[in-house]
>>> print(open('structure.cif').read())   # mmCIF, N, CA and C atoms
data_model
#
loop_
_atom_site.label_atom_id
_atom_site.label_comp_id
_atom_site.auth_asym_id
_atom_site.auth_seq_id
_atom_site.Cartn_x
_atom_site.Cartn_y
_atom_site.Cartn_z
N MET A 1 -3.47 -4.21 -4.05
CA MET A 1 -4.39 -3.10 -4.01
C MET A 1 -5.80 -3.65 -4.26
N LEU A 2 -6.76 -3.17 -3.48
CA LEU A 2 -8.16 -3.54 -3.65
C LEU A 2 -8.90 -2.36 -4.27
N ILE A 3 -9.51 -2.57 -5.43
CA ILE A 3 -10.16 -1.47 -6.14
C ILE A 3 -11.25 -0.83 -5.29
N GLY A 4 -12.10 -1.64 -4.69
CA GLY A 4 -13.20 -1.10 -3.89
C GLY A 4 -12.73 -0.28 -2.70
N ARG A 5 -11.66 -0.69 -2.08
CA ARG A 5 -11.16 0.00 -0.88
C ARG A 5 -10.20 1.13 -1.22
N ASP A 6 -9.30 0.90 -2.14
CA ASP A 6 -8.20 1.84 -2.39
C ASP A 6 -8.46 2.83 -3.52
N ILE A 7 -9.42 2.55 -4.39
CA ILE A 7 -9.63 3.41 -5.57
C ILE A 7 -11.01 4.08 -5.56
N MET A 8 -12.07 3.29 -5.49
CA MET A 8 -13.42 3.82 -5.60
C MET A 8 -13.71 4.85 -4.51
N ASP A 9 -14.35 5.95 -4.92
CA ASP A 9 -14.78 7.03 -4.04
C ASP A 9 -13.64 7.79 -3.38
N GLN A 10 -12.41 7.61 -3.84
CA GLN A 10 -11.28 8.36 -3.31
C GLN A 10 -11.19 9.72 -4.04
N GLN A 11 -10.74 10.72 -3.33
CA GLN A 11 -10.57 12.06 -3.90
C GLN A 11 -9.42 12.05 -4.90
N VAL A 12 -9.64 12.71 -6.04
CA VAL A 12 -8.61 12.81 -7.09
C VAL A 12 -8.05 14.23 -7.09
N VAL A 13 -6.74 14.33 -7.12
CA VAL A 13 -6.05 15.61 -7.11
C VAL A 13 -5.21 15.70 -8.38
N ASP A 14 -5.33 16.84 -9.10
CA ASP A 14 -4.60 16.97 -10.37
C ASP A 14 -3.14 17.34 -10.14
N ALA A 15 -2.42 17.56 -11.22
CA ALA A 15 -0.97 17.81 -11.18
C ALA A 15 -0.61 19.07 -10.39
N ARG A 16 -1.55 20.01 -10.26
CA ARG A 16 -1.28 21.26 -9.53
C ARG A 16 -1.95 21.30 -8.16
N GLY A 17 -2.47 20.16 -7.72
CA GLY A 17 -3.07 20.09 -6.39
C GLY A 17 -4.54 20.46 -6.33
N ARG A 18 -5.19 20.64 -7.49
CA ARG A 18 -6.62 20.99 -7.51
C ARG A 18 -7.46 19.73 -7.36
N LEU A 19 -8.52 19.84 -6.58
CA LEU A 19 -9.43 18.72 -6.41
C LEU A 19 -10.27 18.56 -7.67
N MET A 20 -10.34 17.34 -8.19
CA MET A 20 -11.07 17.07 -9.43
C MET A 20 -12.39 16.35 -9.17
N GLY A 21 -12.59 15.84 -8.00
CA GLY A 21 -13.76 15.03 -7.70
C GLY A 21 -13.31 13.70 -7.16
N LYS A 22 -14.25 12.79 -7.08
CA LYS A 22 -13.94 11.46 -6.55
C LYS A 22 -14.01 10.43 -7.66
N VAL A 23 -13.33 9.33 -7.46
CA VAL A 23 -13.38 8.24 -8.44
C VAL A 23 -14.78 7.63 -8.39
N ASP A 24 -15.49 7.75 -9.50
CA ASP A 24 -16.86 7.24 -9.58
C ASP A 24 -16.92 5.90 -10.29
N GLY A 25 -15.87 5.53 -10.98
CA GLY A 25 -15.86 4.27 -11.70
C GLY A 25 -14.45 3.91 -12.13
N VAL A 26 -14.29 2.67 -12.53
CA VAL A 26 -13.02 2.20 -13.06
C VAL A 26 -13.28 1.53 -14.40
N VAL A 27 -12.25 1.50 -15.23
CA VAL A 27 -12.33 0.83 -16.52
C VAL A 27 -11.35 -0.34 -16.48
N LEU A 28 -11.88 -1.52 -16.74
CA LEU A 28 -11.05 -2.72 -16.76
C LEU A 28 -10.92 -3.20 -18.20
N GLU A 29 -9.74 -3.66 -18.56
CA GLU A 29 -9.53 -4.28 -19.86
C GLU A 29 -9.49 -5.78 -19.66
N LEU A 30 -10.22 -6.47 -20.52
CA LEU A 30 -10.27 -7.93 -20.44
C LEU A 30 -9.68 -8.52 -21.71
N HIS A 31 -8.74 -9.42 -21.55
CA HIS A 31 -8.14 -10.13 -22.66
C HIS A 31 -8.27 -11.62 -22.37
N GLU A 32 -8.68 -12.35 -23.36
CA GLU A 32 -8.90 -13.78 -23.17
C GLU A 32 -7.66 -14.48 -22.62
N GLY A 33 -7.88 -15.25 -21.56
CA GLY A 33 -6.79 -16.02 -20.96
C GLY A 33 -5.92 -15.23 -20.01
N GLU A 34 -6.24 -13.95 -19.78
CA GLU A 34 -5.43 -13.11 -18.88
C GLU A 34 -6.32 -12.55 -17.78
N ALA A 35 -5.68 -12.13 -16.70
CA ALA A 35 -6.41 -11.46 -15.63
C ALA A 35 -6.85 -10.07 -16.10
N ALA A 36 -7.91 -9.55 -15.51
CA ALA A 36 -8.38 -8.20 -15.84
C ALA A 36 -7.28 -7.19 -15.52
N HIS A 37 -7.20 -6.16 -16.34
CA HIS A 37 -6.17 -5.13 -16.22
C HIS A 37 -6.87 -3.80 -15.96
N LEU A 38 -6.43 -3.05 -14.94
CA LEU A 38 -7.01 -1.75 -14.63
C LEU A 38 -6.50 -0.75 -15.66
N ALA A 39 -7.41 -0.26 -16.52
CA ALA A 39 -7.02 0.63 -17.61
C ALA A 39 -7.10 2.10 -17.22
N GLY A 40 -8.01 2.46 -16.32
CA GLY A 40 -8.15 3.85 -15.95
C GLY A 40 -9.24 4.07 -14.93
N ILE A 41 -9.39 5.34 -14.55
CA ILE A 41 -10.44 5.73 -13.60
C ILE A 41 -11.37 6.72 -14.28
N VAL A 42 -12.59 6.79 -13.78
CA VAL A 42 -13.60 7.69 -14.31
C VAL A 42 -14.04 8.61 -13.18
N ILE A 43 -14.07 9.90 -13.48
CA ILE A 43 -14.44 10.92 -12.51
C ILE A 43 -15.67 11.65 -13.03
N GLY A 44 -16.63 11.85 -12.15
CA GLY A 44 -17.75 12.72 -12.43
C GLY A 44 -18.70 12.23 -13.49
N GLY A 45 -19.33 13.21 -14.11
CA GLY A 45 -20.35 12.89 -15.08
C GLY A 45 -21.47 12.14 -14.41
N THR A 46 -22.06 11.24 -15.10
CA THR A 46 -23.19 10.50 -14.55
C THR A 46 -22.80 9.12 -14.06
N THR A 47 -21.51 8.83 -13.97
CA THR A 47 -21.06 7.52 -13.54
C THR A 47 -21.61 7.17 -12.16
N LEU A 48 -21.49 8.08 -11.21
CA LEU A 48 -22.01 7.83 -9.87
C LEU A 48 -23.53 7.67 -9.91
N LEU A 49 -24.21 8.47 -10.72
CA LEU A 49 -25.66 8.35 -10.80
C LEU A 49 -26.09 6.98 -11.30
N TRP A 50 -25.35 6.40 -12.24
CA TRP A 50 -25.68 5.06 -12.71
C TRP A 50 -25.56 4.06 -11.59
N ARG A 51 -24.63 4.27 -10.69
CA ARG A 51 -24.49 3.37 -9.55
C ARG A 51 -25.64 3.54 -8.56
N LEU A 52 -26.20 4.75 -8.47
CA LEU A 52 -27.22 5.03 -7.46
C LEU A 52 -28.65 4.88 -7.97
N HIS A 53 -28.95 5.46 -9.16
CA HIS A 53 -30.33 5.47 -9.65
C HIS A 53 -30.34 5.63 -11.16
N ARG A 54 -30.78 4.58 -11.85
CA ARG A 54 -30.75 4.58 -13.32
C ARG A 54 -31.59 5.69 -13.93
N GLY A 55 -32.78 5.92 -13.38
CA GLY A 55 -33.66 6.95 -13.93
C GLY A 55 -33.05 8.34 -13.82
N LEU A 56 -32.48 8.63 -12.69
CA LEU A 56 -31.82 9.92 -12.49
C LEU A 56 -30.62 10.06 -13.43
N ALA A 57 -29.90 8.97 -13.63
CA ALA A 57 -28.75 8.99 -14.54
C ALA A 57 -29.19 9.28 -15.97
N ARG A 58 -30.27 8.64 -16.41
CA ARG A 58 -30.78 8.89 -17.77
C ARG A 58 -31.21 10.35 -17.94
N TRP A 59 -31.89 10.89 -16.92
CA TRP A 59 -32.34 12.28 -16.96
C TRP A 59 -31.13 13.21 -17.08
N ALA A 60 -30.11 12.98 -16.24
CA ALA A 60 -28.92 13.84 -16.25
C ALA A 60 -28.19 13.75 -17.58
N GLU A 61 -28.12 12.57 -18.16
CA GLU A 61 -27.43 12.43 -19.45
C GLU A 61 -28.18 13.18 -20.55
N ARG A 62 -29.50 13.16 -20.50
CA ARG A 62 -30.26 13.94 -21.49
C ARG A 62 -29.96 15.42 -21.34
N LYS A 63 -29.89 15.89 -20.10
CA LYS A 63 -29.62 17.31 -19.85
C LYS A 63 -28.20 17.70 -20.24
N LEU A 64 -27.23 16.84 -19.98
CA LEU A 64 -25.83 17.16 -20.24
C LEU A 64 -25.37 16.71 -21.62
N GLY A 65 -26.11 15.84 -22.24
CA GLY A 65 -25.73 15.36 -23.56
C GLY A 65 -24.85 14.13 -23.48
N GLY A 66 -25.37 13.03 -23.96
CA GLY A 66 -24.59 11.80 -24.04
C GLY A 66 -24.18 11.22 -22.72
N GLU A 67 -22.91 11.05 -22.54
CA GLU A 67 -22.38 10.36 -21.38
C GLU A 67 -22.26 11.25 -20.15
N GLY A 68 -22.73 12.47 -20.22
CA GLY A 68 -22.62 13.34 -19.06
C GLY A 68 -21.23 13.93 -18.87
N ARG A 69 -20.45 13.89 -19.92
CA ARG A 69 -19.11 14.49 -19.92
C ARG A 69 -18.23 13.94 -18.80
N ILE A 70 -18.02 12.65 -18.83
CA ILE A 70 -17.15 12.03 -17.85
C ILE A 70 -15.70 12.43 -18.10
N THR A 71 -14.90 12.31 -17.07
CA THR A 71 -13.46 12.51 -17.19
C THR A 71 -12.80 11.15 -17.04
N TYR A 72 -12.14 10.70 -18.08
CA TYR A 72 -11.43 9.43 -18.05
C TYR A 72 -9.95 9.73 -17.89
N VAL A 73 -9.33 9.11 -16.91
CA VAL A 73 -7.89 9.26 -16.68
C VAL A 73 -7.25 7.90 -16.86
N PRO A 74 -6.39 7.74 -17.87
CA PRO A 74 -5.72 6.45 -18.06
C PRO A 74 -4.89 6.10 -16.83
N TRP A 75 -4.80 4.83 -16.53
CA TRP A 75 -4.04 4.40 -15.36
C TRP A 75 -2.58 4.84 -15.45
N SER A 76 -2.06 5.00 -16.65
CA SER A 76 -0.67 5.46 -16.81
C SER A 76 -0.48 6.88 -16.29
N LYS A 77 -1.56 7.65 -16.13
CA LYS A 77 -1.49 9.02 -15.62
C LYS A 77 -1.74 9.09 -14.11
N VAL A 78 -2.04 7.94 -13.51
CA VAL A 78 -2.26 7.90 -12.06
C VAL A 78 -0.90 7.77 -11.40
N GLY A 79 -0.59 8.71 -10.51
CA GLY A 79 0.70 8.70 -9.84
C GLY A 79 0.63 7.94 -8.54
N LYS A 80 0.25 8.62 -7.50
CA LYS A 80 0.25 8.04 -6.15
C LYS A 80 -1.17 7.72 -5.72
N VAL A 81 -1.35 6.52 -5.18
CA VAL A 81 -2.62 6.13 -4.58
C VAL A 81 -2.38 6.05 -3.08
N GLY A 82 -3.02 6.96 -2.36
CA GLY A 82 -2.88 7.01 -0.91
C GLY A 82 -4.18 7.54 -0.34
N VAL A 83 -4.08 8.52 0.55
CA VAL A 83 -5.27 9.16 1.07
C VAL A 83 -6.04 9.79 -0.09
N ASP A 84 -5.33 10.41 -1.00
CA ASP A 84 -5.88 10.93 -2.26
C ASP A 84 -5.25 10.16 -3.40
N ILE A 85 -5.83 10.32 -4.57
CA ILE A 85 -5.24 9.75 -5.77
C ILE A 85 -4.70 10.90 -6.60
N LYS A 86 -3.39 10.92 -6.77
CA LYS A 86 -2.76 12.01 -7.51
C LYS A 86 -2.62 11.59 -8.97
N VAL A 87 -3.04 12.48 -9.87
CA VAL A 87 -2.99 12.18 -11.30
C VAL A 87 -2.20 13.24 -12.03
N ASP A 88 -1.56 12.84 -13.11
CA ASP A 88 -0.73 13.74 -13.90
C ASP A 88 -1.54 14.31 -15.07
N VAL A 89 -2.59 15.06 -14.74
CA VAL A 89 -3.40 15.76 -15.73
C VAL A 89 -3.75 17.13 -15.16
N GLU A 90 -4.13 18.04 -16.03
CA GLU A 90 -4.56 19.38 -15.62
C GLU A 90 -6.08 19.40 -15.60
N ALA A 91 -6.68 19.57 -14.44
CA ALA A 91 -8.14 19.51 -14.29
C ALA A 91 -8.90 20.42 -15.26
N PRO A 92 -8.49 21.69 -15.45
CA PRO A 92 -9.25 22.56 -16.35
C PRO A 92 -9.26 22.08 -17.81
N ARG A 93 -8.32 21.22 -18.18
CA ARG A 93 -8.28 20.71 -19.56
C ARG A 93 -9.14 19.46 -19.73
N THR A 94 -9.88 19.10 -18.70
CA THR A 94 -10.75 17.93 -18.75
C THR A 94 -12.19 18.38 -18.53
N PRO A 95 -13.16 17.50 -18.73
CA PRO A 95 -14.55 17.85 -18.44
C PRO A 95 -14.90 17.73 -16.95
N ALA A 96 -13.91 17.58 -16.09
CA ALA A 96 -14.16 17.30 -14.67
C ALA A 96 -15.07 18.33 -14.01
N PHE A 97 -14.94 19.59 -14.36
CA PHE A 97 -15.72 20.62 -13.69
C PHE A 97 -17.03 20.94 -14.39
N ARG A 98 -17.29 20.36 -15.54
CA ARG A 98 -18.52 20.68 -16.28
C ARG A 98 -19.75 20.34 -15.45
N TRP A 99 -19.76 19.17 -14.84
CA TRP A 99 -20.91 18.76 -14.03
C TRP A 99 -21.10 19.71 -12.84
N GLU A 100 -20.02 20.07 -12.15
CA GLU A 100 -20.12 20.99 -11.03
C GLU A 100 -20.65 22.34 -11.48
N HIS A 101 -20.16 22.83 -12.60
CA HIS A 101 -20.62 24.13 -13.09
C HIS A 101 -22.09 24.09 -13.48
N TRP A 102 -22.53 22.97 -14.07
CA TRP A 102 -23.94 22.84 -14.44
C TRP A 102 -24.82 22.84 -13.20
N VAL A 103 -24.45 22.10 -12.16
CA VAL A 103 -25.21 22.06 -10.91
C VAL A 103 -25.21 23.45 -10.27
N ARG A 104 -24.07 24.11 -10.27
CA ARG A 104 -23.98 25.47 -9.70
C ARG A 104 -24.92 26.42 -10.42
N ASP A 105 -24.90 26.39 -11.76
CA ASP A 105 -25.70 27.32 -12.55
C ASP A 105 -27.19 27.04 -12.50
N HIS A 106 -27.56 25.76 -12.43
CA HIS A 106 -28.97 25.39 -12.52
C HIS A 106 -29.65 25.13 -11.19
N PHE A 107 -28.90 24.88 -10.12
CA PHE A 107 -29.50 24.58 -8.84
C PHE A 107 -29.00 25.48 -7.73
N ILE A 108 -27.72 25.41 -7.43
CA ILE A 108 -27.16 26.15 -6.30
C ILE A 108 -27.36 27.65 -6.47
N GLY A 109 -27.14 28.16 -7.67
CA GLY A 109 -27.29 29.58 -7.94
C GLY A 109 -28.70 30.09 -7.76
N ARG A 110 -29.69 29.21 -7.76
CA ARG A 110 -31.09 29.62 -7.58
C ARG A 110 -31.54 29.60 -6.13
N ILE A 111 -30.68 29.13 -5.25
CA ILE A 111 -31.02 29.11 -3.82
C ILE A 111 -30.78 30.51 -3.26
N PRO A 112 -31.80 31.10 -2.64
CA PRO A 112 -31.61 32.44 -2.09
C PRO A 112 -30.46 32.47 -1.06
N GLY A 113 -29.57 33.43 -1.22
CA GLY A 113 -28.45 33.58 -0.32
C GLY A 113 -27.25 32.71 -0.65
N ALA A 114 -27.35 31.90 -1.71
CA ALA A 114 -26.24 31.00 -2.05
C ALA A 114 -25.17 31.74 -2.82
#
>>> encode(input="structure.cif", output="structure tokens")
Amino acid sequence: MLIGRDIMDQQVVDARGRLMGKVDGVVLELHEGEAAHLAGIVIGGTTLLWRLHRGLARWAERKLGGEGRITYVPWSKVGKVGVDIKVDVEAPRTPAFRWEHWVRDHFIGRIPGA
């Protein structure tokens, strides 16, 4: 499996088939003398912003508080990696939708006719 091709930016689907967002980052564990181990995936928050624009990421973190409420899914909860990445978690019990709700309330909701 190639992380860049098979994991990054892939759609994540929760245990009930709800879309949670895309994989914005991965967490690797490093142990001396061993190969890196994929510990989990990160969805949402400001992870993608850090990849795109540091200043925008800092601004968003100030607005959202701290890390931007990322959703971390341990690799042990990742089920199937295919067209989508299926995970054994319940999306509403995670911060996955906090970022979407904040954008909806502060930007999209202010667009006339939205």
>>> resolve_selection(input="structure.cif", expression="the PyMOL selection byres ((chain A and resi 97) around 8)", output="PDB file with N, CA and C atoms, keeping the file's coordinate frame")
ATOM      1  N   MET A  20     -10.340  17.340  -8.190  1.00  0.00           N
ATOM      2  CA  MET A  20     -11.070  17.070  -9.430  1.00  0.00           C
ATOM      3  C   MET A  20     -12.390  16.350  -9.170  1.00  0.00           C
ATOM      4  N   GLY A  21     -12.590  15.840  -8.000  1.00  0.00           N
ATOM      5  CA  GLY A  21     -13.760  15.030  -7.700  1.00  0.00           C
ATOM      6  C   GLY A  21     -13.310  13.700  -7.160  1.00  0.00           C
ATOM      7  N   GLY A  44     -16.630  11.850 -12.150  1.00  0.00           N
ATOM      8  CA  GLY A  44     -17.750  12.720 -12.430  1.00  0.00           C
ATOM      9  C   GLY A  44     -18.700  12.230 -13.490  1.00  0.00           C
ATOM     10  N   GLY A  45     -19.330  13.210 -14.110  1.00  0.00           N
ATOM     11  CA  GLY A  45     -20.350  12.890 -15.080  1.00  0.00           C
ATOM     12  C   GLY A  45     -21.470  12.140 -14.410  1.00  0.00           C
ATOM     13  N   ARG A  69     -20.450  13.890 -19.920  1.00  0.00           N
ATOM     14  CA  ARG A  69     -19.110  14.490 -19.920  1.00  0.00           C
ATOM     15  C   ARG A  69     -18.230  13.940 -18.800  1.00  0.00           C
ATOM     16  N   THR A  71     -14.900  12.310 -17.070  1.00  0.00           N
ATOM     17  CA  THR A  71     -13.460  12.510 -17.190  1.00  0.00           C
ATOM     18  C   THR A  71     -12.800  11.150 -17.040  1.00  0.00           C
ATOM     19  N   ALA A  91      -6.680  19.570 -14.440  1.00  0.00           N
ATOM     20  CA  ALA A  91      -8.140  19.510 -14.290  1.00  0.00           C
ATOM     21  C   ALA A  91      -8.900  20.420 -15.260  1.00  0.00           C
ATOM     22  N   PRO A  92      -8.490  21.690 -15.450  1.00  0.00           N
ATOM     23  CA  PRO A  92      -9.250  22.560 -16.350  1.00  0.00           C
ATOM     24  C   PRO A  92      -9.260  22.080 -17.810  1.00  0.00           C
ATOM     25  N   ARG A  93      -8.320  21.220 -18.180  1.00  0.00           N
ATOM     26  CA  ARG A  93      -8.280  20.710 -19.560  1.00  0.00           C
ATOM     27  C   ARG A  93      -9.140  19.460 -19.730  1.00  0.00           C
ATOM     28  N   THR A  94      -9.880  19.100 -18.700  1.00  0.00           N
ATOM     29  CA  THR A  94     -10.750  17.930 -18.750  1.00  0.00           C
ATOM     30  C   THR A  94     -12.190  18.380 -18.530  1.00  0.00           C
ATOM     31  N   PRO A  95     -13.160  17.500 -18.730  1.00  0.00           N
ATOM     32  CA  PRO A  95     -14.550  17.850 -18.440  1.00  0.00           C
ATOM     33  C   PRO A  95     -14.900  17.730 -16.950  1.00  0.00           C
ATOM     34  N   ALA A  96     -13.910  17.580 -16.090  1.00  0.00           N
ATOM     35  CA  ALA A  96     -14.160  17.300 -14.670  1.00  0.00           C
ATOM     36  C   ALA A  96     -15.070  18.330 -14.010  1.00  0.00           C
ATOM     37  N   ARG A  98     -17.290  20.360 -15.540  1.00  0.00           N
ATOM     38  CA  ARG A  98     -18.520  20.680 -16.280  1.00  0.00           C
ATOM     39  C   ARG A  98     -19.750  20.340 -15.450  1.00  0.00           C
ATOM     40  N   TRP A  99     -19.760  19.170 -14.840  1.00  0.00           N
ATOM     41  CA  TRP A  99     -20.910  18.760 -14.030  1.00  0.00           C
ATOM     42  C   TRP A  99     -21.100  19.710 -12.840  1.00  0.00           C
ATOM     43  N   GLU A 100     -20.020  20.070 -12.150  1.00  0.00           N
ATOM     44  CA  GLU A 100     -20.120  20.990 -11.030  1.00  0.00           C
ATOM     45  C   GLU A 100     -20.650  22.340 -11.480  1.00  0.00           C
ATOM     46  N   HIS A 101     -20.160  22.830 -12.600  1.00  0.00           N
ATOM     47  CA  HIS A 101     -20.620  24.130 -13.090  1.00  0.00           C
ATOM     48  C   HIS A 101     -22.090  24.090 -13.480  1.00  0.00           C
ATOM     49  N   TRP A 102     -22.530  22.970 -14.070  1.00  0.00           N
ATOM     50  CA  TRP A 102     -23.940  22.840 -14.440  1.00  0.00           C
ATOM     51  C   TRP A 102     -24.820  22.840 -13.200  1.00  0.00           C
ATOM     52  N   VAL A 103     -24.450  22.100 -12.160  1.00  0.00           N
ATOM     53  CA  VAL A 103     -25.210  22.060 -10.910  1.00  0.00           C
ATOM     54  C   VAL A 103     -25.210  23.450 -10.270  1.00  0.00           C
TER      55      VAL A 103
END
>>> atom_distance(input="structure.cif", atom1="atom CA of Leu56 of chain A", atom2="atom CA of Ile108 of chain A")
18.0 Å
>>> resolve_selection(input="structure.cif", expression="the PyMOL selection byres ((chain A and resi 25) around 8)", output="list in words")
Ile7, Met8, Asp9, Lys22, Val23, Asp24, Val26, Val27, Leu28, Gly40, Ile41, Val42, Ile43, Gly44, Thr47 and Leu48 of chain A
>>> closest_residue(input="structure.cif", among="A:Ile111, A:Ala60, A:Leu38, A:Val12", to="Ser76 of chain A", atoms="only N, CA and C atoms")
A:Leu38
>>> atom_distance(input="structure.cif", atom1="atom CA of Asp105 of chain A", atom2="atom N of Leu64 of chain A")
12.9 Å
>>> atom_distance(input="structure.cif", atom1="atom CA of Ala39 of chain A", atom2="atom CA of Trp75 of chain A")
5.3 Å
>>> resolve_selection(input="structure.cif", expression="the PyMOL selection byres (((chain A and resi 86 and name CA) around 10) and name CA)", output="list in words")
Gln11, Val12, Val13, Asp14, Ala15, Arg16, Gly17, Arg18, Leu19, Met20, Lys77, Val78, Gly79, Lys80, Val81, Gly82, Val83, Asp84, Ile85, Val87, Asp88 and Val89 of chain A
>>> select_by_dssp(input="structure.cif", residues="chain A", states="strand (DSSP E)", output="number ranges by chain")
A: 11-13, 19-29, 37-43, 71-74, 78-81, 85-87
>>> write_last_selection(input="structure.cif", atoms="N, CA and C atoms", output="mmCIF file, in the coordinates of the input")
data_model
loop_
_atom_site.group_PDB
_atom_site.id
_atom_site.type_symbol
_atom_site.label_atom_id
_atom_site.label_comp_id
_atom_site.auth_asym_id
_atom_site.auth_seq_id
_atom_site.Cartn_x
_atom_site.Cartn_y
_atom_site.Cartn_z
ATOM 1 N N GLN A 11 -10.740 10.720 -3.330
ATOM 2 C CA GLN A 11 -10.570 12.060 -3.900
ATOM 3 C C GLN A 11 -9.420 12.050 -4.900
ATOM 4 N N VAL A 12 -9.640 12.710 -6.040
ATOM 5 C CA VAL A 12 -8.610 12.810 -7.090
ATOM 6 C C VAL A 12 -8.050 14.230 -7.090
ATOM 7 N N VAL A 13 -6.740 14.330 -7.120
ATOM 8 C CA VAL A 13 -6.050 15.610 -7.110
ATOM 9 C C VAL A 13 -5.210 15.700 -8.380
ATOM 10 N N LEU A 19 -8.520 19.840 -6.580
ATOM 11 C CA LEU A 19 -9.430 18.720 -6.410
ATOM 12 C C LEU A 19 -10.270 18.560 -7.670
ATOM 13 N N MET A 20 -10.340 17.340 -8.190
ATOM 14 C CA MET A 20 -11.070 17.070 -9.430
ATOM 15 C C MET A 20 -12.390 16.350 -9.170
ATOM 16 N N GLY A 21 -12.590 15.840 -8.000
ATOM 17 C CA GLY A 21 -13.760 15.030 -7.700
ATOM 18 C C GLY A 21 -13.310 13.700 -7.160
ATOM 19 N N LYS A 22 -14.250 12.790 -7.080
ATOM 20 C CA LYS A 22 -13.940 11.460 -6.550
ATOM 21 C C LYS A 22 -14.010 10.430 -7.660
ATOM 22 N N VAL A 23 -13.330 9.330 -7.460
ATOM 23 C CA VAL A 23 -13.380 8.240 -8.440
ATOM 24 C C VAL A 23 -14.780 7.630 -8.390
ATOM 25 N N ASP A 24 -15.490 7.750 -9.500
ATOM 26 C CA ASP A 24 -16.860 7.240 -9.580
ATOM 27 C C ASP A 24 -16.920 5.900 -10.290
ATOM 28 N N GLY A 25 -15.870 5.530 -10.980
ATOM 29 C CA GLY A 25 -15.860 4.270 -11.700
ATOM 30 C C GLY A 25 -14.450 3.910 -12.130
ATOM 31 N N VAL A 26 -14.290 2.670 -12.530
ATOM 32 C CA VAL A 26 -13.020 2.200 -13.060
ATOM 33 C C VAL A 26 -13.280 1.530 -14.400
ATOM 34 N N VAL A 27 -12.250 1.500 -15.230
ATOM 35 C CA VAL A 27 -12.330 0.830 -16.520
ATOM 36 C C VAL A 27 -11.350 -0.340 -16.480
ATOM 37 N N LEU A 28 -11.880 -1.520 -16.740
ATOM 38 C CA LEU A 28 -11.050 -2.720 -16.760
ATOM 39 C C LEU A 28 -10.920 -3.200 -18.200
ATOM 40 N N GLU A 29 -9.740 -3.660 -18.560
ATOM 41 C CA GLU A 29 -9.530 -4.280 -19.860
ATOM 42 C C GLU A 29 -9.490 -5.780 -19.660
ATOM 43 N N HIS A 37 -7.200 -6.160 -16.340
ATOM 44 C CA HIS A 37 -6.170 -5.130 -16.220
ATOM 45 C C HIS A 37 -6.870 -3.800 -15.960
ATOM 46 N N LEU A 38 -6.430 -3.050 -14.940
ATOM 47 C CA LEU A 38 -7.010 -1.750 -14.630
ATOM 48 C C LEU A 38 -6.500 -0.750 -15.660
ATOM 49 N N ALA A 39 -7.410 -0.260 -16.520
ATOM 50 C CA ALA A 39 -7.020 0.630 -17.610
ATOM 51 C C ALA A 39 -7.100 2.100 -17.220
ATOM 52 N N GLY A 40 -8.010 2.460 -16.320
ATOM 53 C CA GLY A 40 -8.150 3.850 -15.950
ATOM 54 C C GLY A 40 -9.240 4.070 -14.930
ATOM 55 N N ILE A 41 -9.390 5.340 -14.550
ATOM 56 C CA ILE A 41 -10.440 5.730 -13.600
ATOM 57 C C ILE A 41 -11.370 6.720 -14.280
ATOM 58 N N VAL A 42 -12.590 6.790 -13.780
ATOM 59 C CA VAL A 42 -13.600 7.690 -14.310
ATOM 60 C C VAL A 42 -14.040 8.610 -13.180
ATOM 61 N N ILE A 43 -14.070 9.900 -13.480
ATOM 62 C CA ILE A 43 -14.440 10.920 -12.510
ATOM 63 C C ILE A 43 -15.670 11.650 -13.030
ATOM 64 N N THR A 71 -14.900 12.310 -17.070
ATOM 65 C CA THR A 71 -13.460 12.510 -17.190
ATOM 66 C C THR A 71 -12.800 11.150 -17.040
ATOM 67 N N TYR A 72 -12.140 10.700 -18.080
ATOM 68 C CA TYR A 72 -11.430 9.430 -18.050
ATOM 69 C C TYR A 72 -9.950 9.730 -17.890
ATOM 70 N N VAL A 73 -9.330 9.110 -16.910
ATOM 71 C CA VAL A 73 -7.890 9.260 -16.680
ATOM 72 C C VAL A 73 -7.250 7.900 -16.860
ATOM 73 N N PRO A 74 -6.390 7.740 -17.870
ATOM 74 C CA PRO A 74 -5.720 6.450 -18.060
ATOM 75 C C PRO A 74 -4.890 6.100 -16.830
ATOM 76 N N VAL A 78 -2.040 7.940 -13.510
ATOM 77 C CA VAL A 78 -2.260 7.900 -12.060
ATOM 78 C C VAL A 78 -0.900 7.770 -11.400
ATOM 79 N N GLY A 79 -0.590 8.710 -10.510
ATOM 80 C CA GLY A 79 0.700 8.700 -9.840
ATOM 81 C C GLY A 79 0.630 7.940 -8.540
ATOM 82 N N LYS A 80 0.250 8.620 -7.500
ATOM 83 C CA LYS A 80 0.250 8.040 -6.150
ATOM 84 C C LYS A 80 -1.170 7.720 -5.720
ATOM 85 N N VAL A 81 -1.350 6.520 -5.180
ATOM 86 C CA VAL A 81 -2.620 6.130 -4.580
ATOM 87 C C VAL A 81 -2.380 6.050 -3.080
ATOM 88 N N ILE A 85 -5.830 10.320 -4.570
ATOM 89 C CA ILE A 85 -5.240 9.750 -5.770
ATOM 90 C C ILE A 85 -4.700 10.900 -6.600
ATOM 91 N N LYS A 86 -3.390 10.920 -6.770
ATOM 92 C CA LYS A 86 -2.760 12.010 -7.510
ATOM 93 C C LYS A 86 -2.620 11.590 -8.970
ATOM 94 N N VAL A 87 -3.040 12.480 -9.870
ATOM 95 C CA VAL A 87 -2.990 12.180 -11.300
ATOM 96 C C VAL A 87 -2.200 13.240 -12.030
#
>>> closest_residue(input="structure.cif", among="A:Glu90, A:His31, A:Thr46, A:His37", to="Lys63 of chain A", atoms="only C-alpha atoms")
A:Thr46
>>> select_by_dssp(input="structure.cif", residues="chain A", states="alpha helix (DSSP H)", output="PyMOL selection string")
chain A and resi 47-52+54-64+98-106
